[in-house]
Structure formats: C-alpha cells, structure tokens
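Structure record follows, encoded as structure tokens.
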Amino acid sequence: MSAEVGHPIIEAENLTKVYFNNSHPSVQAVKDVYLKIEPGEIVLISGPNGSGKTTLLSMLGCLLRPHTGTIRICGREVTALSQKDLTEFRLKNIGFIFQNFRLLDSLNVLENVELPLGLAGLRRPFSRPRAAAALEELKMSHRAHFFPKALSGGEKQRVAIARALVNDPVVILADEPTGSLDSTAGQAAVRLLRDAARERGKTVVIVSHDERIRHFADRVISMEDGRMKKEERS
Amino acid sequence: MIPIARRMIWREKARFFITAAGLGLTAMLMMFLLGVYEGVKRGSTGYVEANRADIWVCESNSTNLLRSSSFLPLALGEEFKKAESVQGTAGVLRVLASTKIKGKPVTLFLFGFDPREPLGKPARIIKGSAAIGPGELIIDRAFAAKFKLSLGDSIDIHGRIFRVAAVGEGMNAVVTQFIFTALEDTQKLLGFPGVVSFHLLSCKPGVPPENLIRVLKKNHPTLSFFTKKEFIRNNLDEMETGVLPIFWTIALLGGIIGTAIIALMLYGSVLEKREDYAVLKAIGAKPKFLLLVILKQSLISSISGFIIGLALDAILLPVLFKLVPGLSVVLTVHSVFIVFAAVLLIGTLGSWAPVRKLAGIYPMEVFR
C-alpha cells in the first residue's frame, strides 16, 4: 500500500476510547481526537503519564479499537476492518518500536529482524538477505548472530528499528523509544530512526514525554487528559 | 520461516527436558503395557496357534482353554474318526492342580496329551523331547526360570512325583504357564480315566473345517465345534475380558498424566513468554501461526518423550526379564506405532489449555 500525494496518510476523526471496569466506564483515556498526518511527516505526541498518548498510538497502530470515531490509514478505514484483516494490515503497513525494545530473547538479532518478513510469508532464502541488509544499514551486522541479552540498550533499539523498517511499512509507530536508554543513546536512536525514515520517505509517529527529542519531529502534538491540547510545528 | 517453536524450546532446556522425561515415562508405561498384552495374547493362544488341529470340540457352553470346564469321553474320538473327512483325532485333558514347588504354593495348569499323536503337542520344545512318558512333564521356559527348575528336577503333584523331561516356549500366559503331561497321568490326577476336555480333529487335505463341522454337528448336536480360528478368537476374548480393562485403565491414567505434564509446562511457558507472544501478535502474527508455535512445541516435546520412552524400554526390559522371569513382554512394531500415535494425541490435547491462554493475550500488552 502506498501513500497518495496530497492526501494525509493517517486521518483520525472524533476518536474516543473508554476503559471499563466491571462493565462500568472507569476512564475516558482519549476524548474527541482529530488528527491528520501527512506522508513522510515525523510527528511527536507528547504529554504527561496518563494523558492518553499510548492509547492513541495503540488505536493508530490498529491494536485497539476506538469507541467512537474513525481512523483512515492510506485512505483505508481501518476501524471498519475485521480482527483478521487488522492483523494483516498491521503486518503489511505498520512498523512498531517499543519502549523496552521487545526483542524475542529466543531468537538472535538476525532472526528478530527477519521475523516480520517470515510472518508475511517470505521464504528464508529471500527474507534472510533483506534482514541482513537492514542490519547492515543500521550498523548492526557484527551483532547479527548475538542474542538480545548480549546487546546494550542502544544496540537493542537499533535492532528494533531494523525490525520495524524491514517490511517496508508505510507508517512507523514508536512508543517511548528513548525510555529505556540513557540520554546519548536515546538521542542517537531517535536520530537514526529519523534518518532511516527520511531516507525511505516513511511517516513516523513517536509517543514520548522526553522533551529532548522534540527537535527531531516536524510537528509536536501535546496531550493532556485524553485531549489534544496544543500543536506546534518545528 | 524461522523455527520459533524450536528456538523457544531450546532457550528453556530444563523445562523441555522435564517435559520430555515425563512424557518418556508415560510412553514407556504404554509400551510396556502393550508389550505385556501382546505377550499374554501370544502365550494364551500360542498353543492353539501352533497346534495342527483344524477343529476343537468341547462340551456345550465351553468356548476356550483358559476359563471353561469341559469333560468328554475319550472314546468319542473313535466316533469322530469314522467321519469320512477326518484325518486324525487326539484328546487333551486340562486340569488345575495345586502344589508347592521349593516351598512356594503354586497352581498348575496341566494339559494331558497323547505323545504318540501328532495333535495336541506343546508349541515349541527348546530342551528335551516332546515324546514324554509316564511321570514326565514339559514346562514353559518362564516357569522353569521362575522356580529355577531344569531338566531332571522333580515336582510333587498330589503325592505323585513328576520329572521335568522337556522345556518349551509359547506356553506362558503370564498369570499362569501351561504344563504338559501324558494324558493317562493327567486322568489319574483327576481321578477319571477315559475323560478328556477337548477333542482335536484334523481334516483331510482340501476339506474346509466349516464343512466338516456341519456334518459332525448333525450327529452331536449337544457339543461345541470350533474352527482353529474361532477357538483362537475365543481364547483371546477370554483373556481380553480379564486383562484389557485393567490395561486400558492404566494406559488412560498414564495418558492423562502425560497430558497434564505437557499442558502445565506449556501453560507456564506461555505465561512467562506472554510479552513475546504479545509482540508477535502486534507485529502481525496470525492466530493460526501462533497456534502452530504452541502445537509444534508440544509435539516436539511429545516426540522427544516418545524417543526417551523407547530407549527406556530397550534398556529396562532385559533387566526386568531377569528380575521377573515369568514376565512375557513382546514389543511389536504395531505396538510402537500405537504408542507413537497416542503420544501425538497427548501432545495435541496438552496444547489446548496453553493455546486458550495465548488467545487471551492482547497485542496491546506490548505497551506495558
């Protein structure tokens, strides 16, 4: 799926998410969010803990269904898709980067990067070189056969970026990508993510309360109590 | 595709080995039970199977050698001989006798046969000769080993001394072993000369036993006539009635324990790797793929357990034969295949609870 020029790649309208406790609404995590993200844009969603930014990211990543509202990614209304189609959509169109890297301990670095390609049905003779090339670009080839436990935080995040990019997704969603890294490694990881995304023309949505990475984003959206409070362009 | 199931198992070697060992013991138990069953089956039908008799005749309502009583006049054999299609006849008398051997009480399953007749002889002689005379016995190899008897040893049966003249094979029904004596000796022990339990008939070449039975039944409507095949089946049915429910119960319990082992181990593994499974779901793994990851782990453990079970049987059975000489365990390729199928079923059933647990993991858990 490719982005059409002049059309937003992500369009969210009137998004609301309520969490229930024993069938009673307990928290309204996201309230009336309207959002448009253009192709190739790097957007930072910031805000304090509990502001609803991770819930919003989960909905944009097709991991969570909103209670009201619609989300369109590449012109396709994902809120209308079945669970099966959502899984397929995520696999083909969305790359994820998580706060704790979330690499599979039982797989080595190369296999972790190869994983999305395998899930997409690519056979090993084809998936392996692509994964190796992604690692090469992120300067992690020398660690290809290491297991995640043997890597530093920064290295793990580079592998996670390679995994997010290897399937050539349209959108990359990153949840607190600097959360488990020190200041230098955090900055380096986001810089790497920005450069890799720019090079490939990918749209990136980063959720973080790390103010030090604001300057990497084209646009910063501030959230508070589930609502979008402020929008700034860099 | 990356062999995720194999990698996950290999990262938790201790868990894998405990699971495989547990299933190995289950497989070993199942193979052992099937081996004992096969051994009992062969032991209880081996005599009839090896006999040249085409037809077995017994009293009405008697159906087998093991647990039915039949008393017929020996002279009836002469009447059968008059039938045109009968080639030969022989009488066999079965008697139960209690005695003590080397101070141990034992119930003997005695078969009296006429050593001069080609019909009714024991299955296979491995030491000595089947041509026994008065006061002589043929015992089974397992019986000889159990009571440490050898050729020339004596056994006192009801005050009469019998000498072991031969040792045979294929007469071990585990709970008892068949012992052969001369027909006249057995009749004397019973106290009724001229009595037999069964008449064994052989047909002339080209005569189907079923046809001969039809002819004989006209003159002897109160007797039971069985072809060799029917009589083997009757003995088998009788044996199975006694032991099969016990075997099935033990095998079923073994299967349940094996299933519980694999289910608990995999369930624990899913709980520990819940974040990994959430990541897989988040990045687009389909439910079928995840189900296969669990199923493969279960089947790898099960098949490894089967191999361990097979090896344990191969190592332990020779030791067991030495410790329990009366034991007859026959491991056939068929039995091994049955256990393999059972182990695969255990693996499949054992993965049910972990798969259910996995289905309840939300991909959004990756953000925790």
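Convention: chains lettered A, B, ... in structure tokens order; per-chain residue numbering from 1; ligands numbered from 1 as shown.
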Sorted by chain and rising residue number, which residues of chain B lie within 9 Å of chain A, and what are their closest atom pairs and distances in Å to one decimal, counting only C-alpha atoms, as a tab-separated table?
```
residue	atom	partner	partner_atom	distance
B:Met1	CA	A:Gly118	CA	5.1
B:Ile2	CA	A:Glu111	CA	6.8
B:Ile4	CA	A:Leu107	CA	7.4
B:Arg7	CA	A:Ser106	CA	5.6
B:Met8	CA	A:Ser106	CA	5.4
B:Ile9	CA	A:Ser106	CA	8.5
B:Trp10	CA	A:Ser106	CA	7.9
B:Arg11	CA	A:Ser106	CA	5.7
B:Glu12	CA	A:Ser106	CA	8.9
B:Glu275	CA	A:Arg102	CA	7.6
B:Asp276	CA	A:Leu104	CA	5.9
B:Val279	CA	A:Arg102	CA	6.8
B:Leu280	CA	A:Leu115	CA	8.7
B:Lys281	CA	A:Thr87	CA	7.7
B:Ala282	CA	A:Leu63	CA	6.8
B:Ile283	CA	A:Leu91	CA	5.6
B:Gly284	CA	A:Leu91	CA	4.3
B:Ala285	CA	A:Leu119	CA	5.9
B:Lys286	CA	A:Thr87	CA	6.6
B:Pro287	CA	A:Lys84	CA	8.5
B:Phe289	CA	A:Leu119	CA	8.3
B:Tyr362	CA	A:Leu63	CA	8.4
B:Pro363	CA	A:Leu63	CA	6.3
B:Met364	CA	A:Leu63	CA	5.8
B:Val366	CA	A:Phe98	CA	7.3
B:Phe367	CA	A:Phe98	CA	6.9
B:Arg368	CA	A:Gln99	CA	8.9
```
Subject >> Backbone DSSP call of alpha helix (DSSP H) for range 38-87 of chain A, listed as a list in words >> reply: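 Going through range 38-87 of chain A, the alpha helix (DSSP H) residues come out as Lys53, Thr54, Thr55, Leu56, Leu57, Ser58, Met59, Leu60, Gln83, Lys84, Asp85, Leu86 and Thr87 of chain A.
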Please produce an output containing C-alpha atoms for each residue in the selection, written as a compact mmCIF listing (two decimals), in the first residue's frame.
```txt
# COMPACT_ATOMS: atom_id res chain seq x y z
CA LYS A 53 -0.85 9.19 24.22
CA THR A 54 -0.15 5.42 24.33
CA THR A 55 -3.87 4.66 23.93
CA LEU A 56 -3.93 6.95 20.90
CA LEU A 57 -0.85 5.21 19.48
CA SER A 58 -2.48 1.79 20.06
CA MET A 59 -5.53 2.91 18.11
CA LEU A 60 -3.41 4.35 15.29
CA GLN A 83 -9.73 -8.61 13.51
CA LYS A 84 -8.22 -10.88 10.87
CA ASP A 85 -7.88 -8.04 8.36
CA LEU A 86 -6.42 -5.76 11.04
CA THR A 87 -3.67 -8.32 11.74
```
Original post:
Could you name the residues that touch Ile307 in chain B at 12 Å or less, counting only C-alpha atoms, but leaving out those on the same chain fewer than 2 positions away, as JSON, numbers by chain?
Top reply: {"B": [20, 21, 22, 23, 24, 25, 26, 27, 28, 31, 300, 301, 302, 303, 304, 305, 309, 310, 311, 312, 313, 314, 336, 337, 339, 340, 343]}
Subject >> Which of A:Leu181, A:Val33, A:Leu15, A:Ala131 sits closest to Glu155 in chain A [using only C-alpha atoms] >> reply: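 Ranked by minimum distance to Glu155 in chain A, first place goes to A:Leu181.
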Original post:
Could you pull out all residues of range 2-228 of chain A with a DSSP call of strand (DSSP E or B) and give them as a PyMOL selection string?
Top reply: chain A and resi 10-21+24-37+42-46+68-73+76-77+94-97+171-175+203-207+219-224+227-228
**OP:** Just the residues within 12 Å of Tyr37 in chain B, please, counting only C-alpha atoms, with nothing from its chain fewer than 6 positions along; format it as a ChimeraX atom specification.
**Re:** /B:30-31,43-44,173-175,236,239-248,251,327-332,335
**OP:** Would you kindly return, as number ranges by chain, each protein, DNA or RNA residue with an atom no farther than 12 Å from any atom of Ser351 in chain B, considering only C-alpha atoms and excluding same-chain residues fewer than 6 positions away?
**Re:** B: 258-270, 290-302, 344-345, 357-358
Selection near Asp114 in chain B, 12 Å with only C-alpha atoms, sequence-local residues under 4 positions removed, as an mmCIF file with N, CA and C atoms, in the first residue's frame:
```cif
data_model
loop_
_atom_site.group_PDB
_atom_site.id
_atom_site.type_symbol
_atom_site.label_atom_id
_atom_site.label_comp_id
_atom_site.auth_asym_id
_atom_site.auth_seq_id
_atom_site.Cartn_x
_atom_site.Cartn_y
_atom_site.Cartn_z
ATOM 1 N N LEU B 74 -13.258 -90.029 26.218
ATOM 2 C CA LEU B 74 -12.125 -90.187 25.282
ATOM 3 C C LEU B 74 -12.574 -90.981 24.045
ATOM 4 N N THR B 89 -7.424 -87.630 15.104
ATOM 5 C CA THR B 89 -8.027 -87.041 16.308
ATOM 6 C C THR B 89 -7.073 -87.250 17.479
ATOM 7 N N ALA B 90 -7.229 -86.411 18.492
ATOM 8 C CA ALA B 90 -6.462 -86.585 19.735
ATOM 9 C C ALA B 90 -7.244 -85.921 20.852
ATOM 10 N N GLY B 91 -7.129 -86.465 22.042
ATOM 11 C CA GLY B 91 -7.822 -85.870 23.184
ATOM 12 C C GLY B 91 -6.837 -85.121 24.059
ATOM 13 N N VAL B 92 -7.313 -84.016 24.633
ATOM 14 C CA VAL B 92 -6.481 -83.225 25.551
ATOM 15 C C VAL B 92 -7.305 -82.983 26.819
ATOM 16 N N LEU B 93 -6.686 -83.228 27.961
ATOM 17 C CA LEU B 93 -7.392 -83.022 29.230
ATOM 18 C C LEU B 93 -6.733 -81.883 29.996
ATOM 19 N N PRO B 118 0.040 -86.890 16.643
ATOM 20 C CA PRO B 118 0.644 -85.621 16.153
ATOM 21 C C PRO B 118 -0.100 -84.372 16.640
ATOM 22 N N LEU B 119 -1.356 -84.523 17.058
ATOM 23 C CA LEU B 119 -2.133 -83.368 17.528
ATOM 24 C C LEU B 119 -2.008 -83.228 19.044
ATOM 25 N N GLY B 120 -2.063 -82.006 19.536
ATOM 26 C CA GLY B 120 -2.113 -81.758 20.990
ATOM 27 C C GLY B 120 -0.772 -81.540 21.645
ATOM 28 N N LYS B 121 0.311 -81.578 20.867
ATOM 29 C CA LYS B 121 1.637 -81.400 21.461
ATOM 30 C C LYS B 121 1.880 -79.924 21.819
ATOM 31 N N PRO B 122 2.753 -79.667 22.780
ATOM 32 C CA PRO B 122 3.057 -78.255 23.108
ATOM 33 C C PRO B 122 3.703 -77.524 21.937
ATOM 34 N N ALA B 130 9.481 -83.807 23.166
ATOM 35 C CA ALA B 130 8.028 -83.801 23.421
ATOM 36 C C ALA B 130 7.500 -85.221 23.620
ATOM 37 N N ALA B 131 8.312 -86.205 23.273
ATOM 38 C CA ALA B 131 7.865 -87.607 23.415
ATOM 39 C C ALA B 131 8.035 -88.048 24.867
ATOM 40 N N ILE B 132 7.200 -87.523 25.746
ATOM 41 C CA ILE B 132 7.351 -87.823 27.176
ATOM 42 C C ILE B 132 6.640 -89.135 27.529
ATOM 43 N N GLY B 133 7.104 -89.727 28.607
ATOM 44 C CA GLY B 133 6.500 -90.960 29.089
ATOM 45 C C GLY B 133 5.759 -90.700 30.387
ATOM 46 N N PRO B 134 5.269 -91.767 31.028
ATOM 47 C CA PRO B 134 4.564 -91.607 32.308
ATOM 48 C C PRO B 134 5.463 -90.963 33.359
ATOM 49 N N PHE B 180 2.663 -79.589 30.478
ATOM 50 C CA PHE B 180 2.148 -80.735 29.728
ATOM 51 C C PHE B 180 2.585 -82.051 30.367
ATOM 52 N N THR B 181 1.622 -82.967 30.466
ATOM 53 C CA THR B 181 1.924 -84.321 30.981
ATOM 54 C C THR B 181 1.305 -85.329 30.018
ATOM 55 N N ALA B 182 1.631 -86.576 30.241
ATOM 56 C CA ALA B 182 0.998 -87.629 29.433
ATOM 57 C C ALA B 182 -0.476 -87.695 29.838
ATOM 58 N N LEU B 183 -1.339 -87.964 28.858
ATOM 59 C CA LEU B 183 -2.789 -87.941 29.094
ATOM 60 C C LEU B 183 -3.196 -88.849 30.257
ATOM 61 N N GLU B 184 -2.630 -90.049 30.299
ATOM 62 C CA GLU B 184 -3.007 -91.004 31.355
ATOM 63 C C GLU B 184 -2.663 -90.469 32.737
ATOM 64 N N ASP B 185 -1.523 -89.805 32.849
ATOM 65 C CA ASP B 185 -1.118 -89.224 34.146
ATOM 66 C C ASP B 185 -2.125 -88.161 34.594
ATOM 67 N N THR B 186 -2.544 -87.332 33.652
ATOM 68 C CA THR B 186 -3.488 -86.259 33.990
ATOM 69 C C THR B 186 -4.832 -86.854 34.394
ATOM 70 N N GLN B 187 -5.224 -87.896 33.674
ATOM 71 C CA GLN B 187 -6.502 -88.554 34.020
ATOM 72 C C GLN B 187 -6.433 -89.132 35.433
ATOM 73 N N VAL B 196 -11.548 -86.649 28.654
ATOM 74 C CA VAL B 196 -10.729 -85.548 28.102
ATOM 75 C C VAL B 196 -11.561 -84.258 28.148
ATOM 76 N N HIS B 199 -11.513 -82.542 22.192
ATOM 77 C CA HIS B 199 -11.060 -83.427 21.114
ATOM 78 C C HIS B 199 -10.536 -82.533 20.008
ATOM 79 N N LEU B 200 -9.367 -82.868 19.532
ATOM 80 C CA LEU B 200 -8.753 -82.086 18.458
ATOM 81 C C LEU B 200 -8.851 -82.905 17.172
#
```
**OP:** Within 9 Å of Ser46 in chain A, counting only C-alpha atoms, which residues show up once you throw out same-chain ones fewer than 3 positions away? Write them as a list in words, please.
**Re:**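 After dropping sequence-adjacent residues, the list is Ser51, Lys53, Ile206, Val207, Ser208, His209, Asp210, Glu211, Arg214, Val220, Ile221, Ser222, Met223 and Glu224 of chain A.
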For the residues in the current selection, export N, CA and C atoms as a short mmCIF file (atom, residue, chain, number, x, y, z; two decimals), in the first residue's frame.
```
data_model
loop_
_atom_site.label_atom_id
_atom_site.label_comp_id
_atom_site.auth_asym_id
_atom_site.auth_seq_id
_atom_site.Cartn_x
_atom_site.Cartn_y
_atom_site.Cartn_z
N SER A 51 -1.91 10.78 29.96
CA SER A 51 -2.54 11.78 29.09
C SER A 51 -3.26 11.15 27.91
N LYS A 53 -1.66 9.26 25.44
CA LYS A 53 -0.85 9.19 24.22
C LYS A 53 -0.61 7.75 23.76
N ILE A 206 5.85 9.26 16.95
CA ILE A 206 6.56 8.91 18.17
C ILE A 206 5.74 9.39 19.36
N VAL A 207 5.58 8.52 20.32
CA VAL A 207 4.93 8.91 21.57
C VAL A 207 6.02 8.98 22.62
N SER A 208 6.17 10.12 23.25
CA SER A 208 7.23 10.24 24.26
C SER A 208 6.99 11.46 25.15
N HIS A 209 7.45 11.37 26.39
CA HIS A 209 7.42 12.59 27.20
C HIS A 209 8.84 13.13 27.37
N ASP A 210 9.75 12.63 26.52
CA ASP A 210 11.14 13.08 26.54
C ASP A 210 11.25 14.37 25.71
N GLU A 211 11.39 15.46 26.40
CA GLU A 211 11.43 16.79 25.74
C GLU A 211 12.67 16.96 24.85
N ARG A 214 12.27 16.64 20.94
CA ARG A 214 11.30 17.49 20.21
C ARG A 214 11.84 17.95 18.87
N VAL A 220 4.86 18.67 16.79
CA VAL A 220 4.70 18.14 18.15
C VAL A 220 3.27 18.37 18.60
N ILE A 221 2.61 17.28 19.00
CA ILE A 221 1.23 17.38 19.49
C ILE A 221 1.27 17.09 20.99
N SER A 222 0.75 18.01 21.78
CA SER A 222 0.73 17.82 23.23
C SER A 222 -0.64 17.32 23.65
N MET A 223 -0.63 16.32 24.50
CA MET A 223 -1.90 15.76 25.00
C MET A 223 -2.00 15.93 26.50
N GLU A 224 -3.23 16.09 26.94
CA GLU A 224 -3.48 16.20 28.38
C GLU A 224 -4.89 15.71 28.65
#
```
Original post:
From the list B:Met171, B:Ala53, B:Leu110, B:Ile126, which residue is nearest Ser150 in chain B when using only C-alpha atoms?
Top reply: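 Once distances to Ser150 in chain B are computed over only C-alpha atoms, the minimum belongs to B:Ile126.
Note that CA of Lys17 in chain A and CA of Lys31 in chain A are 6.8 Å apart.
For the pair CA of Thr99 in chain B and CA of His158 in chain B, the separation is 7.0 Å.
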